[in-house]
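Colleague: My structure is in work-v4.cif, and what it holds is mmCIF, C-alpha atoms:
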```
data_protein
#
loop_
_atom_site.label_atom_id
_atom_site.label_comp_id
_atom_site.auth_asym_id
_atom_site.auth_seq_id
_atom_site.Cartn_x
_atom_site.Cartn_y
_atom_site.Cartn_z
CA MET A 1 -9.98 -32.12 -18.29
CA LYS A 2 -13.46 -31.61 -16.95
CA LYS A 3 -15.65 -28.91 -18.44
CA ARG A 4 -16.35 -27.66 -14.90
CA TYR A 5 -12.68 -26.79 -14.42
CA ILE A 6 -12.53 -24.88 -17.66
CA PHE A 7 -15.61 -22.92 -16.67
CA LEU A 8 -14.27 -22.15 -13.20
CA ALA A 9 -10.94 -21.10 -14.68
CA LEU A 10 -12.68 -18.73 -17.06
CA VAL A 11 -14.72 -17.04 -14.31
CA PRO A 12 -11.90 -15.02 -12.68
CA ILE A 13 -10.38 -14.08 -16.01
CA VAL A 14 -13.70 -12.86 -17.38
CA LEU A 15 -14.55 -11.02 -14.17
CA SER A 16 -11.20 -9.27 -14.04
CA LEU A 17 -11.50 -8.36 -17.72
CA ILE A 18 -14.92 -6.86 -16.99
CA LEU A 19 -13.30 -4.85 -14.21
CA ALA A 20 -10.61 -3.60 -16.54
CA PHE A 21 -13.15 -2.40 -19.08
CA LEU A 22 -15.63 -0.84 -16.65
CA PRO A 23 -16.22 2.81 -17.46
CA ASP A 24 -16.04 5.74 -15.05
CA LYS A 25 -13.84 4.68 -12.17
CA SER A 26 -14.21 7.99 -10.37
CA ASN A 27 -15.59 6.16 -7.35
CA SER A 28 -12.70 3.77 -7.12
CA ILE A 29 -9.07 3.31 -6.17
CA ASP A 30 -7.57 5.00 -9.19
CA ALA A 31 -9.23 8.18 -8.03
CA LYS A 32 -8.18 7.54 -4.48
CA ARG A 33 -4.63 6.70 -5.39
CA ILE A 34 -3.37 10.18 -4.62
CA GLN A 35 -5.01 10.03 -1.23
CA LYS A 36 -3.48 6.64 -0.63
CA SER A 37 -0.04 7.72 -1.76
CA LEU A 38 -0.17 10.65 0.62
CA LYS A 39 -1.07 8.23 3.35
CA SER A 40 1.70 5.83 2.39
CA ALA A 41 4.23 8.61 2.71
CA LYS A 42 3.33 8.62 6.39
CA TYR A 43 1.47 11.80 5.79
CA THR A 44 -0.42 12.86 8.87
CA GLY A 45 -1.44 16.39 8.06
CA VAL A 46 -4.75 17.82 7.03
CA THR A 47 -6.31 17.26 3.64
CA PRO A 48 -6.21 20.20 1.25
CA ASN A 49 -9.97 20.71 1.58
CA ASN A 50 -9.84 21.01 5.34
CA LEU A 51 -6.80 23.24 5.14
CA LEU A 52 -8.69 25.62 2.88
CA LEU A 53 -11.64 25.68 5.26
CA GLU A 54 -9.39 26.28 8.24
CA SER A 55 -7.43 29.01 6.53
CA VAL A 56 -10.54 31.12 5.97
CA ASN A 57 -11.89 30.45 9.45
CA SER A 58 -11.15 33.26 11.90
CA ASN A 59 -10.70 30.63 14.62
CA ARG A 60 -7.08 30.29 13.72
CA PHE A 61 -6.41 33.82 14.96
CA ILE A 62 -5.98 34.91 18.52
CA GLN A 63 -7.17 38.48 19.04
CA PRO A 64 -4.84 40.93 20.80
CA ASP A 65 -7.23 41.31 23.74
CA GLU A 66 -7.33 37.54 24.26
CA LEU A 67 -3.55 37.38 24.11
CA ALA A 68 -3.31 40.27 26.57
CA LYS A 69 -5.40 38.29 29.04
CA VAL A 70 -3.13 35.29 28.51
CA ILE A 71 -0.03 37.39 29.14
CA ILE A 72 -1.42 39.11 32.23
CA GLY A 73 -2.82 35.90 33.64
CA GLN A 74 0.45 34.11 32.78
CA ASP A 75 -1.60 31.27 31.38
CA PRO A 76 0.78 28.27 31.22
CA SER A 77 -1.17 26.54 28.48
CA TYR A 78 -0.01 29.09 25.91
CA LEU A 79 3.39 29.09 24.28
CA LEU A 80 4.29 32.33 22.55
CA VAL A 81 6.63 31.93 19.59
CA ASP A 82 8.40 34.95 18.18
CA LEU A 83 9.15 34.25 14.51
CA ARG A 84 11.39 37.26 13.96
CA ASP A 85 15.15 37.04 13.83
CA ALA A 86 17.27 36.92 16.97
CA VAL A 87 18.31 40.59 16.72
CA GLN A 88 14.75 41.88 16.79
CA TYR A 89 13.87 39.33 19.45
CA ALA A 90 16.71 40.55 21.63
CA LYS A 91 15.49 44.14 21.34
CA PHE A 92 12.01 43.39 22.59
CA THR A 93 9.36 40.75 22.51
CA LEU A 94 6.20 39.76 24.31
CA PRO A 95 6.65 38.58 27.90
CA GLY A 96 7.49 34.88 28.05
CA ALA A 97 7.89 34.43 24.30
CA ILE A 98 10.50 32.09 22.89
CA ASN A 99 12.33 32.81 19.67
CA ILE A 100 12.14 30.51 16.66
CA PRO A 101 13.18 32.45 13.54
CA TYR A 102 10.92 31.45 10.70
CA GLU A 103 13.81 30.01 8.67
CA LYS A 104 14.30 27.42 11.40
CA ILE A 105 10.75 26.22 11.99
CA LEU A 106 11.35 22.88 10.27
CA THR A 107 14.38 21.73 12.23
CA GLU A 108 13.77 18.67 14.34
CA GLU A 109 13.91 20.20 17.80
CA ASN A 110 11.67 23.06 16.75
CA GLN A 111 9.18 20.61 15.27
CA ALA A 112 9.11 18.90 18.64
CA VAL A 113 8.34 22.24 20.29
CA PHE A 114 5.48 22.93 17.92
CA ASP A 115 4.19 19.39 18.00
CA SER A 116 3.37 19.43 21.69
CA GLU A 117 -0.19 18.89 22.75
CA ALA A 118 0.41 20.63 26.06
CA TYR A 119 0.36 24.11 24.57
CA ASN A 120 -1.61 26.38 22.35
CA VAL A 121 1.16 27.80 20.23
CA VAL A 122 0.74 31.48 19.39
CA LEU A 123 2.74 32.53 16.35
CA PHE A 124 3.60 36.18 15.99
CA SER A 125 5.88 38.50 14.11
CA ASN A 126 5.75 42.18 13.32
CA GLY A 127 2.91 41.72 10.89
CA THR A 128 0.81 38.72 9.97
CA ILE A 129 2.32 37.61 6.68
CA VAL A 130 5.15 35.53 8.14
CA PRO A 131 3.00 33.93 10.88
CA ASP A 132 0.36 33.11 8.27
CA GLN A 133 2.94 31.38 6.10
CA VAL A 134 4.35 29.53 9.07
CA TRP A 135 0.85 28.55 10.14
CA MET A 136 0.21 27.13 6.66
CA ILE A 137 3.48 25.16 6.60
CA LEU A 138 3.07 23.74 10.09
CA ARG A 139 -0.58 22.96 9.58
CA ARG A 140 0.35 21.02 6.45
CA ALA A 141 2.85 19.14 8.57
CA GLY A 142 -0.04 18.06 10.77
CA ILE A 143 0.59 20.24 13.79
CA LYS A 144 -2.46 21.26 15.76
CA ASN A 145 -3.13 23.91 18.41
CA LEU A 146 -1.70 26.73 16.31
CA LYS A 147 -2.87 30.32 16.63
CA VAL A 148 -1.75 33.42 14.77
CA LEU A 149 -1.71 36.75 16.58
CA ASN A 150 -4.15 38.85 14.62
CA GLY A 151 -2.49 42.04 13.44
CA GLY A 152 0.92 41.04 14.68
CA LEU A 153 3.10 42.91 17.14
CA ASN A 154 2.54 46.22 15.33
CA GLN A 155 -1.18 46.18 15.94
CA PHE A 156 -0.72 44.71 19.39
CA TYR A 157 1.39 47.60 20.56
CA GLN A 158 -0.63 50.15 18.63
CA LEU A 159 -3.74 48.94 20.41
CA TYR A 160 -2.29 49.34 23.89
CA LEU A 161 -0.03 52.29 23.28
CA ASN A 162 -2.79 54.31 21.78
CA PRO A 163 -6.13 52.57 22.31
CA PRO A 164 -8.94 54.11 20.25
CA LYS A 165 -10.98 56.32 22.54
CA PRO A 166 -14.65 55.43 22.65
CA LEU A 167 -17.19 58.08 21.79
CA GLU A 168 -19.53 59.25 24.53
CA THR A 169 -22.41 57.62 22.74
CA ASP A 170 -20.70 54.24 22.65
CA PRO A 171 -22.03 51.35 24.77
CA LYS A 172 -20.59 50.56 28.15
CA GLU A 173 -18.50 47.68 26.79
CA ALA A 174 -16.49 50.04 24.64
CA PHE A 175 -15.49 51.99 27.75
CA GLU A 176 -14.64 48.79 29.59
CA ASN A 177 -12.52 47.71 26.63
CA TYR A 178 -10.79 51.06 26.63
CA SER A 179 -9.91 50.91 30.29
CA PHE A 180 -8.86 47.26 29.91
CA ARG A 181 -6.51 48.21 27.12
CA LYS A 182 -5.10 51.05 29.14
CA ALA A 183 -4.53 48.66 32.00
CA VAL A 184 -2.78 46.21 29.69
CA GLY A 185 -0.63 49.07 28.45
CA ALA A 186 0.27 49.91 32.02
CA HIS A 187 1.07 46.25 32.70
CA LEU A 188 3.33 46.12 29.69
CA GLY A 189 5.00 49.30 30.86
CA LEU A 190 3.59 51.52 28.14
CA PRO A 191 2.80 55.15 28.94
CA ASN A 192 -0.76 56.05 29.77
CA PRO A 193 -2.25 57.70 26.69
CA ASP A 194 -4.41 60.01 28.83
CA GLU A 195 -1.46 61.50 30.64
CA PHE A 196 0.77 64.24 29.51
CA ILE A 197 4.25 62.92 29.10
CA PRO A 198 6.92 65.35 30.15
CA GLY A 199 9.88 65.03 27.85
CA GLY A 200 7.75 63.79 24.95
CA ALA A 201 8.75 61.01 22.61
CA ALA A 202 12.20 60.61 24.10
CA ALA A 203 10.72 59.68 27.45
CA VAL A 204 8.46 57.14 25.80
CA GLN A 205 11.45 55.71 24.05
CA ASN A 206 13.19 55.40 27.39
CA THR A 207 10.34 53.65 29.13
CA SER A 208 9.95 51.18 26.34
CA THR A 209 13.63 50.28 26.47
CA ILE A 210 13.21 49.71 30.17
CA THR A 211 10.25 47.45 29.51
CA GLY A 212 12.41 45.68 26.99
CA ALA A 213 14.72 44.84 29.84
CA ASN A 214 11.82 43.88 32.06
CA THR A 215 10.31 41.54 29.59
CA ALA A 216 13.58 39.78 29.00
CA ILE A 217 12.43 36.99 31.28
CA LYS A 218 11.85 34.20 28.82
CA ALA A 219 9.78 31.14 29.41
CA THR A 220 11.92 28.21 28.47
CA PRO A 221 9.94 25.53 26.67
CA LYS A 222 9.50 22.38 28.64
CA VAL A 223 11.27 19.24 27.47
CA VAL A 224 9.06 18.01 24.70
CA VAL A 225 9.12 14.27 24.11
CA PRO A 226 8.50 13.58 20.43
CA LYS A 227 5.58 11.31 19.75
CA LYS A 228 6.42 7.73 18.92
CA LYS A 229 5.35 6.37 15.61
CA ALA A 230 2.50 3.96 16.02
CA GLY A 231 3.48 0.67 14.43
CA LYS A 232 0.53 -1.37 13.26
CA ASP A 233 1.29 -4.82 12.01
CA GLU A 234 -1.17 -7.54 11.21
CA GLY A 235 -0.47 -11.01 9.97
CA CYS A 236 -2.34 -14.03 8.77
CA MET B 1 -10.75 -4.58 8.12
CA GLY B 2 -12.05 -1.40 6.51
CA PRO B 3 -15.54 -0.03 6.83
CA LEU B 4 -17.92 -2.07 4.69
CA ILE B 5 -20.64 -0.22 2.84
CA PRO B 6 -19.96 3.08 4.58
CA GLY B 7 -23.11 4.99 5.44
CA ILE B 8 -25.28 1.88 5.67
CA LEU B 9 -23.36 -0.47 7.95
CA SER B 10 -21.94 1.31 10.95
CA ASP B 11 -18.42 0.62 12.25
CA GLN B 12 -19.75 -1.57 15.03
CA TRP B 13 -20.61 -4.20 12.42
CA ASN B 14 -16.95 -4.58 11.40
CA ASN B 15 -16.06 -7.06 14.12
CA ILE B 16 -19.24 -9.06 13.71
CA ILE B 17 -18.68 -9.39 9.96
CA ALA B 18 -15.05 -10.28 10.61
CA ILE B 19 -16.07 -13.09 12.98
CA LEU B 20 -18.61 -14.44 10.46
CA MET B 21 -16.02 -14.35 7.68
CA GLY B 22 -13.44 -16.01 9.90
CA THR B 23 -15.87 -18.75 10.84
CA ALA B 24 -16.69 -19.35 7.18
CA PHE B 25 -12.98 -19.47 6.36
CA GLY B 26 -12.37 -22.03 9.10
CA TYR B 27 -15.30 -24.14 7.94
CA VAL B 28 -14.15 -24.14 4.34
CA SER B 29 -10.54 -24.92 5.34
CA GLU B 30 -11.63 -27.89 7.37
CA SER B 31 -14.12 -29.16 4.79
CA SER B 32 -11.44 -29.01 2.08
CA GLY B 33 -9.23 -31.24 4.23
CA PHE B 34 -6.84 -28.56 5.43
CA SER B 35 -6.72 -30.01 8.90
CA SER B 36 -4.57 -32.84 7.54
CA SER B 37 -0.81 -32.32 7.54
CA ARG B 38 -0.38 -34.93 4.80
CA LYS B 39 -2.59 -32.93 2.47
CA LEU B 40 -0.93 -29.66 3.39
CA VAL B 41 2.66 -30.73 2.84
CA GLY B 42 1.66 -32.41 -0.44
CA VAL B 43 2.36 -29.10 -2.11
CA PHE B 44 6.06 -29.47 -1.24
CA TYR B 45 6.31 -33.05 -2.52
CA GLY B 46 4.10 -32.54 -5.55
CA TYR B 47 1.35 -35.04 -4.85
CA ASP B 48 -1.35 -32.56 -3.76
CA PHE B 49 -1.67 -28.93 -4.70
CA ALA B 50 -4.93 -28.22 -2.89
CA VAL B 51 -3.22 -25.69 -0.60
CA LEU B 52 -1.84 -23.67 -3.46
CA ARG B 53 -5.11 -23.81 -5.34
CA MET B 54 -7.21 -22.92 -2.36
CA PHE B 55 -5.11 -19.96 -1.26
CA VAL B 56 -4.51 -18.57 -4.73
CA THR B 57 -8.22 -18.92 -5.51
CA ALA B 58 -9.02 -17.18 -2.24
CA ALA B 59 -6.60 -14.40 -3.11
CA ILE B 60 -7.94 -13.74 -6.59
CA THR B 61 -11.56 -14.06 -5.47
CA ALA B 62 -10.94 -11.59 -2.68
CA SER B 63 -9.07 -9.17 -4.96
CA ILE B 64 -11.70 -9.23 -7.68
CA GLY B 65 -14.42 -8.93 -5.08
CA LEU B 66 -12.70 -6.00 -3.38
CA LEU B 67 -12.16 -4.23 -6.67
CA PHE B 68 -15.82 -4.67 -7.60
CA MET B 69 -16.97 -3.50 -4.18
CA ASP B 70 -14.63 -0.58 -4.45
CA TYR B 71 -16.06 0.23 -7.88
CA PHE B 72 -19.55 0.34 -6.45
CA GLY B 73 -18.35 2.41 -3.50
CA TRP B 74 -19.11 -0.29 -0.95
CA ILE B 75 -15.70 -0.25 0.63
CA ASP B 76 -13.12 2.43 1.07
CA MET B 77 -9.92 0.92 -0.29
CA ALA B 78 -7.89 3.88 0.96
CA ALA B 79 -8.91 2.91 4.49
CA LEU B 80 -7.47 -0.58 4.13
CA ASP B 81 -4.08 -1.11 5.68
CA GLY B 82 -1.48 -3.48 4.40
CA LEU B 83 1.78 -4.49 5.95
CA PRO B 84 4.56 -2.11 5.03
CA ALA B 85 6.61 -3.65 2.22
CA ARG B 86 9.90 -4.51 3.92
CA VAL B 87 11.37 -6.47 1.06
CA TRP B 88 14.27 -8.48 2.50
CA PRO B 89 12.81 -9.09 5.96
CA ILE B 90 9.65 -10.44 4.30
CA ILE B 91 11.66 -12.79 2.06
CA VAL B 92 13.65 -14.13 5.02
CA GLY B 93 10.51 -14.38 7.14
CA GLY B 94 8.78 -16.23 4.33
CA LEU B 95 11.61 -18.76 4.16
CA PHE B 96 11.33 -19.39 7.90
CA MET B 97 7.57 -19.70 7.59
CA GLY B 98 7.98 -22.21 4.75
CA LEU B 99 10.51 -24.19 6.75
CA GLY B 100 8.09 -24.38 9.67
CA PHE B 101 5.28 -25.30 7.28
CA VAL B 102 7.11 -28.22 5.69
CA THR B 103 8.52 -29.59 8.96
CA GLY B 104 5.46 -28.99 11.14
CA GLY B 105 2.85 -29.83 8.56
CA PHE B 106 0.61 -26.87 9.27
CA CYS B 107 0.44 -23.19 8.55
CA PRO B 108 -0.65 -20.91 11.39
CA GLY B 109 -4.24 -20.82 10.18
CA THR B 110 -4.68 -24.53 9.49
CA CYS B 111 -3.22 -25.59 12.85
CA VAL B 112 -6.19 -23.85 14.46
CA THR B 113 -8.44 -25.78 12.06
CA ALA B 114 -6.74 -28.98 13.24
CA ILE B 115 -7.31 -27.98 16.87
CA GLY B 116 -10.96 -27.48 15.93
CA ILE B 117 -11.27 -31.19 15.18
CA GLY B 118 -9.13 -32.16 18.16
CA LYS B 119 -5.83 -33.14 16.56
CA LEU B 120 -2.97 -33.39 19.02
CA ASP B 121 -0.33 -32.30 16.52
CA GLY B 122 -2.44 -29.17 15.98
CA TYR B 123 -2.09 -28.32 19.67
CA VAL B 124 1.63 -28.97 19.59
CA PHE B 125 2.06 -26.81 16.52
CA PHE B 126 0.05 -24.02 18.14
CA GLY B 127 2.22 -24.22 21.24
CA GLY B 128 5.23 -23.94 18.95
CA ILE B 129 3.79 -20.76 17.43
CA ILE B 130 3.34 -19.20 20.86
CA LEU B 131 6.87 -20.26 21.86
CA GLY B 132 8.25 -18.84 18.61
CA VAL B 133 6.43 -15.56 19.14
CA PHE B 134 7.86 -15.37 22.65
CA VAL B 135 11.41 -16.10 21.53
CA PHE B 136 11.11 -13.65 18.66
CA SER B 137 9.83 -10.92 20.98
CA GLU B 138 12.60 -11.51 23.49
CA MET B 139 15.29 -11.48 20.81
CA PHE B 140 13.72 -8.64 18.85
CA PRO B 141 16.36 -6.00 19.75
CA LEU B 142 18.99 -8.22 18.10
CA PHE B 143 17.47 -8.01 14.65
CA GLU B 144 15.40 -4.86 14.98
CA ASN B 145 17.59 -3.08 12.41
CA PHE B 146 17.12 -5.82 9.85
CA TYR B 147 13.40 -6.03 10.65
CA ASN B 148 12.96 -2.39 9.69
CA SER B 149 15.32 -2.37 6.71
CA SER B 150 14.43 -1.94 3.02
CA ASN B 151 11.04 -0.57 3.91
CA LEU B 152 9.13 0.67 0.86
CA GLY B 153 6.21 1.87 2.95
CA ASP B 154 2.57 0.99 2.57
CA VAL B 155 2.55 0.31 -1.18
CA THR B 156 0.81 -2.22 -3.39
CA VAL B 157 2.37 -3.78 -6.48
CA PRO B 158 0.26 -1.74 -8.97
CA GLU B 159 1.12 1.44 -7.08
CA TYR B 160 4.81 0.64 -6.98
CA PHE B 161 5.04 -0.07 -10.70
CA ASN B 162 2.40 2.53 -11.52
CA ILE B 163 0.14 0.23 -13.52
CA SER B 164 -3.64 -0.07 -13.53
CA PRO B 165 -4.78 -2.33 -10.67
CA TYR B 166 -7.48 -3.75 -12.95
CA TRP B 167 -5.07 -4.92 -15.63
CA PHE B 168 -2.78 -6.19 -12.90
CA MET B 169 -5.72 -8.27 -11.71
CA VAL B 170 -6.28 -9.66 -15.21
CA GLY B 171 -2.61 -10.68 -15.29
CA ILE B 172 -2.78 -12.31 -11.86
CA SER B 173 -5.90 -14.28 -12.85
CA ILE B 174 -4.20 -15.60 -15.98
CA ILE B 175 -1.04 -16.51 -14.04
CA ALA B 176 -3.17 -18.28 -11.44
CA ILE B 177 -4.96 -20.37 -14.05
CA ILE B 178 -1.66 -21.25 -15.70
CA ALA B 179 -0.27 -22.24 -12.30
CA PHE B 180 -3.28 -24.47 -11.66
CA TYR B 181 -2.77 -26.15 -15.02
CA VAL B 182 0.97 -26.64 -14.47
CA THR B 183 0.41 -28.09 -10.99
CA MET B 184 -2.11 -30.50 -12.50
CA LEU B 185 0.55 -31.68 -14.95
CA ILE B 186 3.10 -32.06 -12.14
CA ARG B 187 0.65 -34.01 -10.08
CA LYS B 188 0.11 -36.46 -12.93
CA ARG B 189 3.85 -37.15 -13.15
CA VAL B 190 4.43 -37.59 -9.42
CA LYS B 191 3.62 -40.94 -7.92
CA SER B 192 0.32 -40.59 -6.14
CA VAL B 193 0.33 -40.97 -2.38
CA GLU B 194 -2.42 -42.57 -0.42
CA TYR B 195 -3.32 -40.65 2.72
#
```
Let me see the structure of the file written as structure tokens.

Modeller:
Amino acid sequence: MKKRYIFLALVPIVLSLILAFLPDKSNSIDAKRIQKSLKSAKYTGVTPNNLLLESVNSNRFIQPDELAKVIIGQDPSYLLVDLRDAVQYAKFTLPGAINIPYEKILTEENQAVFDSEAYNVVLFSNGTIVPDQVWMILRRAGIKNLKVLNGGLNQFYQLYLNPPKPLETDPKEAFENYSFRKAVGAHLGLPNPDEFIPGGAAAVQNTSTITGANTAIKATPKVVVPKKKAGKDEGC
Amino acid sequence: MGPLIPGILSDQWNNIIAILMGTAFGYVSESSGFSSSRKLVGVFYGYDFAVLRMFVTAAITASIGLLFMDYFGWIDMAALDGLPARVWPIIVGGLFMGLGFVTGGFCPGTCVTAIGIGKLDGYVFFGGIILGVFVFSEMFPLFENFYNSSNLGDVTVPEYFNISPYWFMVGISIIAIIAFYVTMLIRKRVKSVEY
């Protein structure tokens, strides 16, 4: 056997041994194995770092005033999702909202509803804890275009049922906001806070039940075609 | 191909580098005699193991090179895509590929090399590939279920068995050298063929 062959045979073995004994592989595939294994599990969601950044960014909220404009303008690009149970949903909800109780967000058809690029999905519940949790779960599942109603339904109705009166020294915008909120309240069928209500709380109760009936018109979600998996094959 | 030396070479270079590498591969295949069917099928009859040596050497060189480049941060291994490991379909497909190799005298890459030097059988083989691809595509619904069965996902051997890729590489290198030695012994025992 020629010496050249022996030398050439030794080269790969020596090189791979060097590799095996190299220190500090933080830059290399062992460190990236977790990332790769996530990818191999057909994982399409956000990385933990980005999720953390997004979760502290106020962009993921929709403010009540913004949502009010969406509701009044009947903006078709928004899909309102009520995460409370069916009983509470039946009593009252926001106009055009659909009901997906938060226990059922991960079923297949509901995933297809969330995973539509045609809508901005607005998640809401009474408060913000449940929508925040749902936001986190769905965001981890890789769903985009999610918004959480800041303050939840409680704050939403509080804001339009009893909008904070601006002081006389406040800037003009505060007054505009106030009248806007009153107008939204009127649109939603809430009593005007400036008016005296004959009959008191009982009358308010009545009107709100009537609005409950009015708002029972639900926007049915359009047929959402689930995205096809992109197959990517290469050969020699 | 993944991004090479991220931050220095932009993505637009990927295709240019790929073409250069492909050209070099074609040149080396042709200069090592891989445009000859007699040399290629020698691996099945035991009188010439150049194919096995060349491809195994290419594989271990590429793996060691990739691991080194990865170590220095020149390539992002996580960005590299492999075929999903569909165990049984790959075994069956490999048998078909081997059958075509031994009867046709080329593998899909070397038939293009043969076309490069104007061999007629290279053209015929290439036409056969296109015909096979067409037939396969037309009949795909028939064996789509099998095609997608036993899919382990996008895993590598070290990942699947949870061993260090570096030690795996050491093992592969040693196995390769042993294989080269064994094939040399076989070749000495088989009657040499003039071609």

Colleague: Using all atoms listed in the file, which protein or nucleic acid residues come within 10 Å of region 30-47 of chain B? Drop anything in the same chain fewer than 5 positions from it, and give the result as number ranges by chain.

Modeller: B: 24-25, 52-54, 98, 101-107, 109-119, 121-122, 183-184, 186-195

Colleague: Counting only C-alpha atoms, which residues of chain B come no farther than 6 Å from chain A, as number ranges by chain?

Modeller: B: 70-71, 78, 154, 166-167, 170, 173

Colleague: State, in Å with one decimal place, the distance from CA of Glu66 (chain A) to CA of Met136 (chain A).

Modeller: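 Atom-to-atom, CA of Glu66 (chain A) and CA of Met136 (chain A) are spaced 21.8 Å apart.
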
Colleague: For CA of Thr156 (chain B) and CA of Ile175 (chain B), quote the distance in Å rounded to one decimal.

Modeller: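 Separation between CA of Thr156 (chain B) and CA of Ile175 (chain B): 17.9 Å.
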
Colleague: Mind pulling up the distance from CA of Ile129 (chain B) to CA of Gly100 (chain B)?

Modeller: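 Rounded to one decimal, the two atoms are 9.6 Å apart.
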
Colleague: Counting all atoms listed in the file, find the residues whose atoms lie at most 7 Å from (0.3, 51.9, 25.9) (file coordinates) and write them out as a PyMOL selection string.

Modeller: chain A and resi 157+160-162+182+185-186+190-193
